[in-house]
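A short worksheet on the structure shown next.
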Amino acid sequence: MRRLFALLGAALLLAVAACTTGPSLEDRGQVTAQPGDGRHLTIGSAGFTESDLLARMYALLLEHAGYRTKVISVTNREIYEPALESGQIDVVPEYAATFADWLGAKAHGPGAPAAGSPDLDATMSALRSLADPRGLKVLDPGRAVDQNAFAVTEEFARANRLRTLGDLGRSGIPVRLAAGDECVQRPYCAPGLEKTYGIRISGIDPKGVGTTQAKQAVQSGQDQMVLTTTTDATLDDFGLVLLEDDKKLQNADYIVPVVNRARAGGPRVTKALDKLNSVLTTEDLARLNEQVDNWRRLPEDVARRYLQSKGLLPK
């Protein structure tokens with residue numbers, strides 16, 4: 001998927017990379033030290049809008065709880081995850097199933113069985129069992145989930161009485177799918193649509209995941225369906241609607257905060273960040289993404305207004 005962190009600057013990357021020499025997983029064993037409660041916390045922010053928003057909300061909630069915070073960006077998991085282990089970064093927003101798979105591959109090799117699954121409880125159990133020995137604490141997921149999703153035009157859905165992917169499979173209608181070229185092989189894309197839903201994929205139009213070109217191809221009728229995500233903020237602009245994943249093909253990529261246990265694993269951090277779980281929904285996150293991407297508002301301003309509107313920050 002697209003969980004790559006944006007470049008803050010060469011100096012920052014070198015500094016973070018140089019500070020990620022903590023003990024390896026093989027030498028560390030189970031972490032038994034008491035959770036820490038550092039007063040100055042660094043939140044890792046991704047280079048795409050959604051992660052920027054989440055990191056800003058985490059920072060604002062932690063500041064309101066009495067912590068001093070700063071938000072930084074790093075290039076990718078190969079850099080930021082070791083920095084999280086070593087305490088150079090204290091908190092990051094993550095995606096449960098994707099992060100579980102990544103840690104599983106890191107621990108057991110690239111051929112390791114997938115740790116994430118469509119079952120949220122099983123995914124969280126697997127994720128925590130992989131994160132704990134690395135000194136990482138995975139907090140509870142909220143209601144917001146960012147996972148693969150498939151959209152068609154409102155007209156196509158209405159004409160064929162489609163609400164779910166199951167409806168599409170039962171219809172027998174062949175569809176040309178606008179997606180990344182890797183969709184041909186990915187189990188959660190074309191093969192999964194065919195096996196799980198019986199959808200007739202007539203071809204893959206390699207225009208990328210949720211790109212403007214891919215949505216335009218569906219809007220124009222060149223393709224019938226597009227691969228995007230559940231927090232895509234621009235579907236309305238193209239007259240598109242998501243079809244429900246009624247048979248749970250996609251993995252449980254619920255948003256979860258992950259913290260360095262020694263520096264931010266105490267109950268005060270958990271309590272501050274858990275407040276977001278009670279309010280933030282997938283629909284909310286899509287609207288927040290839209291305000292930044294389409295309306296050109298600053299992520300910190302959007303994050304602050306949202307938290308204030310939910311009573312989590314004073315106005």
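For the structure tokens, the naming scheme is as follows: chains receive sequential letters (A, B, ...) according to their order of presentation, residues are indexed from 1 within each chain, and ligands are indexed from 1 in presentation order.
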Surrounding residues of Asp37 in chain A excluding itself and chain neighbours under 3 positions, 10 Å, only C-alpha atoms, as a VMD selection string: chain A and resid 34 40 to 41 67 260 to 269
How would the residues just picked look written out with N, CA, C and O atoms as a PDB file, in the first residue's frame?
ATOM      1  N   GLN A  34       8.732  -1.223  33.038  1.00  0.00           N
ATOM      2  CA  GLN A  34       7.514  -0.447  33.230  1.00  0.00           C
ATOM      3  C   GLN A  34       7.321   0.552  32.084  1.00  0.00           C
ATOM      4  O   GLN A  34       8.293   1.117  31.584  1.00  0.00           O
ATOM      5  N   HIS A  40       8.335  15.106  26.775  1.00  0.00           N
ATOM      6  CA  HIS A  40       8.519  15.666  25.436  1.00  0.00           C
ATOM      7  C   HIS A  40       8.376  14.520  24.440  1.00  0.00           C
ATOM      8  O   HIS A  40       9.200  13.595  24.445  1.00  0.00           O
ATOM      9  N   LEU A  41       7.369  14.576  23.612  1.00  0.00           N
ATOM     10  CA  LEU A  41       7.065  13.459  22.729  1.00  0.00           C
ATOM     11  C   LEU A  41       7.148  13.885  21.260  1.00  0.00           C
ATOM     12  O   LEU A  41       6.683  14.968  20.891  1.00  0.00           O
ATOM     13  N   TYR A  67       1.599  17.463  27.654  1.00  0.00           N
ATOM     14  CA  TYR A  67       2.877  17.092  27.046  1.00  0.00           C
ATOM     15  C   TYR A  67       3.359  18.188  26.091  1.00  0.00           C
ATOM     16  O   TYR A  67       2.556  18.943  25.547  1.00  0.00           O
ATOM     17  N   ASN A 260       6.221   4.076  21.483  1.00  0.00           N
ATOM     18  CA  ASN A 260       7.390   3.495  22.138  1.00  0.00           C
ATOM     19  C   ASN A 260       7.025   3.269  23.601  1.00  0.00           C
ATOM     20  O   ASN A 260       6.718   4.213  24.329  1.00  0.00           O
ATOM     21  N   ARG A 261       7.031   2.015  24.034  1.00  0.00           N
ATOM     22  CA  ARG A 261       6.533   1.676  25.367  1.00  0.00           C
ATOM     23  C   ARG A 261       7.332   2.350  26.480  1.00  0.00           C
ATOM     24  O   ARG A 261       6.769   2.806  27.470  1.00  0.00           O
ATOM     25  N   ALA A 262       8.643   2.439  26.296  1.00  0.00           N
ATOM     26  CA  ALA A 262       9.488   2.987  27.347  1.00  0.00           C
ATOM     27  C   ALA A 262       9.309   4.485  27.524  1.00  0.00           C
ATOM     28  O   ALA A 262       9.552   5.021  28.609  1.00  0.00           O
ATOM     29  N   ARG A 263       8.864   5.171  26.477  1.00  0.00           N
ATOM     30  CA  ARG A 263       8.743   6.620  26.548  1.00  0.00           C
ATOM     31  C   ARG A 263       7.303   7.128  26.542  1.00  0.00           C
ATOM     32  O   ARG A 263       7.029   8.213  27.044  1.00  0.00           O
ATOM     33  N   ALA A 264       6.391   6.342  25.996  1.00  0.00           N
ATOM     34  CA  ALA A 264       5.017   6.832  25.860  1.00  0.00           C
ATOM     35  C   ALA A 264       3.978   5.737  26.118  1.00  0.00           C
ATOM     36  O   ALA A 264       2.852   5.828  25.656  1.00  0.00           O
ATOM     37  N   GLY A 265       4.383   4.737  26.877  1.00  0.00           N
ATOM     38  CA  GLY A 265       3.483   3.608  27.106  1.00  0.00           C
ATOM     39  C   GLY A 265       2.628   3.708  28.337  1.00  0.00           C
ATOM     40  O   GLY A 265       1.898   2.759  28.669  1.00  0.00           O
ATOM     41  N   GLY A 266       2.684   4.849  29.030  1.00  0.00           N
ATOM     42  CA  GLY A 266       1.924   5.003  30.264  1.00  0.00           C
ATOM     43  C   GLY A 266       0.454   5.298  30.024  1.00  0.00           C
ATOM     44  O   GLY A 266       0.028   5.612  28.915  1.00  0.00           O
ATOM     45  N   PRO A 267      -0.339   5.245  31.093  1.00  0.00           N
ATOM     46  CA  PRO A 267      -1.795   5.414  30.945  1.00  0.00           C
ATOM     47  C   PRO A 267      -2.223   6.814  30.525  1.00  0.00           C
ATOM     48  O   PRO A 267      -3.281   6.972  29.926  1.00  0.00           O
ATOM     49  N   ARG A 268      -1.420   7.848  30.807  1.00  0.00           N
ATOM     50  CA  ARG A 268      -1.831   9.205  30.458  1.00  0.00           C
ATOM     51  C   ARG A 268      -1.813   9.418  28.946  1.00  0.00           C
ATOM     52  O   ARG A 268      -2.713  10.063  28.390  1.00  0.00           O
ATOM     53  N   VAL A 269      -0.806   8.874  28.274  1.00  0.00           N
ATOM     54  CA  VAL A 269      -0.762   8.957  26.814  1.00  0.00           C
ATOM     55  C   VAL A 269      -1.914   8.162  26.216  1.00  0.00           C
ATOM     56  O   VAL A 269      -2.615   8.627  25.307  1.00  0.00           O
TER      57      VAL A 269
END
Spatial neighbours of Thr123 in chain A, 6 Å, only C-alpha atoms, chain gap at least 6 places, as a compact mmCIF listing (two decimals) with N, CA and C atoms, in the first residue's frame:
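The result, stored in out-v7.txt:
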# COMPACT_ATOMS: atom_id res chain seq x y z
N ALA A 97 -3.70 -3.97 9.97
CA ALA A 97 -3.33 -5.15 9.19
C ALA A 97 -2.03 -4.94 8.42
N GLY A 116 -1.99 -9.96 9.17
CA GLY A 116 -3.26 -9.25 9.14
C GLY A 116 -4.33 -10.08 8.47
N SER A 117 -5.57 -9.75 8.78
CA SER A 117 -6.70 -10.46 8.18
C SER A 117 -7.92 -9.55 8.23
Residue list (alpha helix (DSSP H), DSSP) for range 130-256 of chain A, as a PyMOL selection string: chain A and resi 130-131+154-159+165-171+190-197+212-220
For Ala214 in chain A: contacts at 10 Å, only C-alpha atoms, fewer than 6 positions along chain excluded, given as a list in words: Leu177, Ala178, Ala179, Gly180, Asp205, Pro206, Lys207, Gly208, Gln222, Asp223, Met225, Val226, Leu227 and Thr228 of chain A
Could you write those residues out with all heavy atoms, as a short mmCIF file (atom, residue, chain, number, x, y, z; two decimals), in the first residue's frame?
data_model
loop_
_atom_site.label_atom_id
_atom_site.label_comp_id
_atom_site.auth_asym_id
_atom_site.auth_seq_id
_atom_site.Cartn_x
_atom_site.Cartn_y
_atom_site.Cartn_z
N LEU A 177 -11.61 -3.01 -14.73
CA LEU A 177 -11.23 -2.40 -13.46
C LEU A 177 -10.04 -1.47 -13.63
O LEU A 177 -8.98 -1.88 -14.10
CB LEU A 177 -10.90 -3.50 -12.44
CG LEU A 177 -10.41 -3.09 -11.07
CD1 LEU A 177 -11.47 -2.26 -10.33
CD2 LEU A 177 -10.04 -4.32 -10.24
N ALA A 178 -10.22 -0.21 -13.24
CA ALA A 178 -9.11 0.74 -13.22
C ALA A 178 -8.38 0.60 -11.89
O ALA A 178 -8.96 0.80 -10.83
CB ALA A 178 -9.65 2.16 -13.39
N ALA A 179 -7.11 0.24 -11.94
CA ALA A 179 -6.35 -0.06 -10.73
C ALA A 179 -4.86 -0.01 -11.05
O ALA A 179 -4.47 0.31 -12.18
CB ALA A 179 -6.73 -1.43 -10.19
N GLY A 180 -4.04 -0.34 -10.06
CA GLY A 180 -2.62 -0.50 -10.33
C GLY A 180 -2.36 -1.79 -11.08
O GLY A 180 -3.16 -2.73 -11.00
N ASP A 205 -7.23 -1.97 -16.21
CA ASP A 205 -6.73 -0.75 -16.84
C ASP A 205 -5.72 -0.13 -15.87
O ASP A 205 -6.11 0.41 -14.83
CB ASP A 205 -7.90 0.22 -17.08
CG ASP A 205 -7.49 1.43 -17.89
OD1 ASP A 205 -6.33 1.52 -18.28
OD2 ASP A 205 -8.36 2.31 -18.11
N PRO A 206 -4.42 -0.21 -16.14
CA PRO A 206 -3.39 0.17 -15.15
C PRO A 206 -3.23 1.68 -14.99
O PRO A 206 -2.23 2.27 -15.40
CB PRO A 206 -2.13 -0.48 -15.72
CG PRO A 206 -2.34 -0.49 -17.19
CD PRO A 206 -3.81 -0.70 -17.40
N LYS A 207 -4.18 2.29 -14.35
CA LYS A 207 -4.14 3.74 -14.14
C LYS A 207 -3.83 4.13 -12.69
O LYS A 207 -3.89 5.31 -12.34
CB LYS A 207 -5.47 4.37 -14.57
CG LYS A 207 -5.64 4.45 -16.10
CD LYS A 207 -6.90 5.19 -16.48
CE LYS A 207 -6.88 5.63 -17.94
NZ LYS A 207 -6.73 4.53 -18.88
N GLY A 208 -3.52 3.15 -11.83
CA GLY A 208 -3.16 3.45 -10.46
C GLY A 208 -4.33 3.33 -9.51
O GLY A 208 -5.49 3.16 -9.91
N GLN A 222 -15.29 4.27 -19.85
CA GLN A 222 -14.21 3.45 -20.41
C GLN A 222 -13.99 2.21 -19.55
O GLN A 222 -13.75 1.11 -20.05
CB GLN A 222 -12.93 4.27 -20.50
CG GLN A 222 -11.71 3.49 -20.99
CD GLN A 222 -10.45 4.34 -20.98
OE1 GLN A 222 -10.51 5.57 -21.00
NE2 GLN A 222 -9.30 3.69 -20.96
N ASP A 223 -14.04 2.39 -18.22
CA ASP A 223 -13.98 1.30 -17.26
C ASP A 223 -15.26 1.32 -16.43
O ASP A 223 -15.97 2.34 -16.41
CB ASP A 223 -12.76 1.44 -16.34
CG ASP A 223 -11.44 1.44 -17.12
OD1 ASP A 223 -11.37 0.76 -18.16
OD2 ASP A 223 -10.50 2.14 -16.68
N MET A 225 -15.30 0.07 -13.00
CA MET A 225 -15.04 0.10 -11.56
C MET A 225 -13.61 0.55 -11.31
O MET A 225 -12.72 0.30 -12.12
CB MET A 225 -15.29 -1.28 -10.94
CG MET A 225 -15.27 -1.31 -9.42
SD MET A 225 -16.07 -2.80 -8.73
CE MET A 225 -14.91 -4.08 -9.25
N VAL A 226 -13.39 1.22 -10.17
CA VAL A 226 -12.07 1.72 -9.83
C VAL A 226 -11.67 1.24 -8.43
O VAL A 226 -12.51 1.18 -7.52
CB VAL A 226 -12.02 3.27 -9.88
CG1 VAL A 226 -13.00 3.90 -8.93
CG2 VAL A 226 -10.60 3.79 -9.62
N LEU A 227 -10.41 0.88 -8.29
CA LEU A 227 -9.84 0.57 -6.99
C LEU A 227 -9.41 1.87 -6.33
O LEU A 227 -8.62 2.64 -6.88
CB LEU A 227 -8.64 -0.36 -7.12
CG LEU A 227 -7.79 -0.57 -5.87
CD1 LEU A 227 -8.60 -1.21 -4.75
CD2 LEU A 227 -6.55 -1.41 -6.18
N THR A 228 -9.95 2.13 -5.12
CA THR A 228 -9.58 3.33 -4.37
C THR A 228 -9.48 2.95 -2.89
O THR A 228 -9.10 1.82 -2.57
CB THR A 228 -10.59 4.46 -4.64
OG1 THR A 228 -10.18 5.63 -3.95
CG2 THR A 228 -12.01 4.08 -4.26
#
Neighbour list for Gly239 in chain A as a list in words, cut-off 10 Å, only C-alpha atoms, skip fewer than 3 positions in-chain: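 The contact residues come out as Ala151, Val152, Thr153, Glu154, Glu155, Lys215, Gln216, Val218, Gln219, Thr234, Leu235 and Asp236 of chain A.
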Using all heavy atoms, can you write the selected residues to a file as a compact mmCIF listing (two decimals), in the first residue's frame?
# COMPACT_ATOMS: atom_id res chain seq x y z
N ALA A 151 -15.25 1.36 -6.35
CA ALA A 151 -16.32 2.31 -6.63
C ALA A 151 -16.77 2.19 -8.08
O ALA A 151 -15.98 1.89 -8.98
CB ALA A 151 -15.85 3.74 -6.35
N VAL A 152 -18.06 2.48 -8.28
CA VAL A 152 -18.67 2.54 -9.62
C VAL A 152 -19.43 3.86 -9.71
O VAL A 152 -19.59 4.56 -8.72
CB VAL A 152 -19.63 1.35 -9.85
CG1 VAL A 152 -18.88 0.03 -9.78
CG2 VAL A 152 -20.77 1.36 -8.83
N THR A 153 -19.90 4.19 -10.89
CA THR A 153 -20.69 5.41 -10.99
C THR A 153 -22.05 5.21 -10.34
O THR A 153 -22.57 4.08 -10.28
CB THR A 153 -20.90 5.82 -12.46
OG1 THR A 153 -21.68 4.81 -13.12
CG2 THR A 153 -19.58 6.02 -13.19
N GLU A 154 -22.61 6.30 -9.85
CA GLU A 154 -23.95 6.22 -9.27
C GLU A 154 -24.95 5.69 -10.29
O GLU A 154 -25.85 4.90 -9.96
CB GLU A 154 -24.38 7.62 -8.79
CG GLU A 154 -23.59 8.15 -7.62
CD GLU A 154 -24.09 9.52 -7.18
OE1 GLU A 154 -25.32 9.71 -7.14
OE2 GLU A 154 -23.25 10.38 -6.87
N GLU A 155 -24.79 6.11 -11.54
CA GLU A 155 -25.70 5.68 -12.60
C GLU A 155 -25.61 4.17 -12.82
O GLU A 155 -26.63 3.48 -12.96
CB GLU A 155 -25.37 6.42 -13.89
CG GLU A 155 -26.27 6.07 -15.07
CD GLU A 155 -25.88 6.81 -16.33
OE1 GLU A 155 -24.93 7.62 -16.28
OE2 GLU A 155 -26.53 6.56 -17.37
N LYS A 215 -10.31 7.43 -11.98
CA LYS A 215 -11.70 7.81 -11.72
C LYS A 215 -12.36 8.39 -12.98
O LYS A 215 -13.54 8.14 -13.24
CB LYS A 215 -11.76 8.82 -10.57
CG LYS A 215 -11.36 8.23 -9.23
CD LYS A 215 -11.22 9.32 -8.19
CE LYS A 215 -10.51 8.78 -6.97
NZ LYS A 215 -10.14 9.86 -6.04
N GLN A 216 -11.59 9.14 -13.73
CA GLN A 216 -12.13 9.68 -14.98
C GLN A 216 -12.48 8.57 -15.96
O GLN A 216 -13.46 8.68 -16.70
CB GLN A 216 -11.12 10.63 -15.61
CG GLN A 216 -10.99 11.97 -14.88
CD GLN A 216 -9.86 12.82 -15.42
OE1 GLN A 216 -8.91 12.32 -16.03
NE2 GLN A 216 -9.93 14.14 -15.17
N VAL A 218 -13.60 5.63 -15.23
CA VAL A 218 -14.88 5.06 -14.81
C VAL A 218 -16.00 6.06 -15.08
O VAL A 218 -17.09 5.70 -15.56
CB VAL A 218 -14.84 4.65 -13.33
CG1 VAL A 218 -16.20 4.13 -12.87
CG2 VAL A 218 -13.77 3.58 -13.11
N GLN A 219 -15.76 7.31 -14.80
CA GLN A 219 -16.76 8.36 -15.03
C GLN A 219 -17.18 8.39 -16.50
O GLN A 219 -18.37 8.57 -16.81
CB GLN A 219 -16.18 9.71 -14.61
CG GLN A 219 -17.15 10.88 -14.73
CD GLN A 219 -16.46 12.19 -14.37
OE1 GLN A 219 -15.30 12.42 -14.72
NE2 GLN A 219 -17.16 13.05 -13.65
N THR A 234 -12.75 12.31 -2.81
CA THR A 234 -13.11 12.94 -4.09
C THR A 234 -14.15 12.15 -4.90
O THR A 234 -14.42 12.51 -6.04
CB THR A 234 -11.86 13.13 -4.97
OG1 THR A 234 -11.33 11.84 -5.33
CG2 THR A 234 -10.79 13.92 -4.22
N LEU A 235 -14.72 11.12 -4.36
CA LEU A 235 -15.64 10.28 -5.13
C LEU A 235 -16.83 11.07 -5.66
O LEU A 235 -17.26 10.89 -6.80
CB LEU A 235 -16.11 9.10 -4.29
CG LEU A 235 -15.04 8.07 -3.91
CD1 LEU A 235 -15.66 6.99 -3.03
CD2 LEU A 235 -14.40 7.45 -5.13
N ASP A 236 -17.38 11.94 -4.82
CA ASP A 236 -18.54 12.73 -5.24
C ASP A 236 -18.22 13.59 -6.47
O ASP A 236 -19.09 13.80 -7.32
CB ASP A 236 -19.02 13.63 -4.11
CG ASP A 236 -19.72 12.85 -3.01
OD1 ASP A 236 -20.06 11.67 -3.25
OD2 ASP A 236 -19.94 13.40 -1.92
Which of range 91-314 of chain A DSSP labels strand (DSSP E), written as a PyMOL selection string: chain A and resi 91-95+136-138+148-153+174-179+200-206+225-229+240-243+255-260
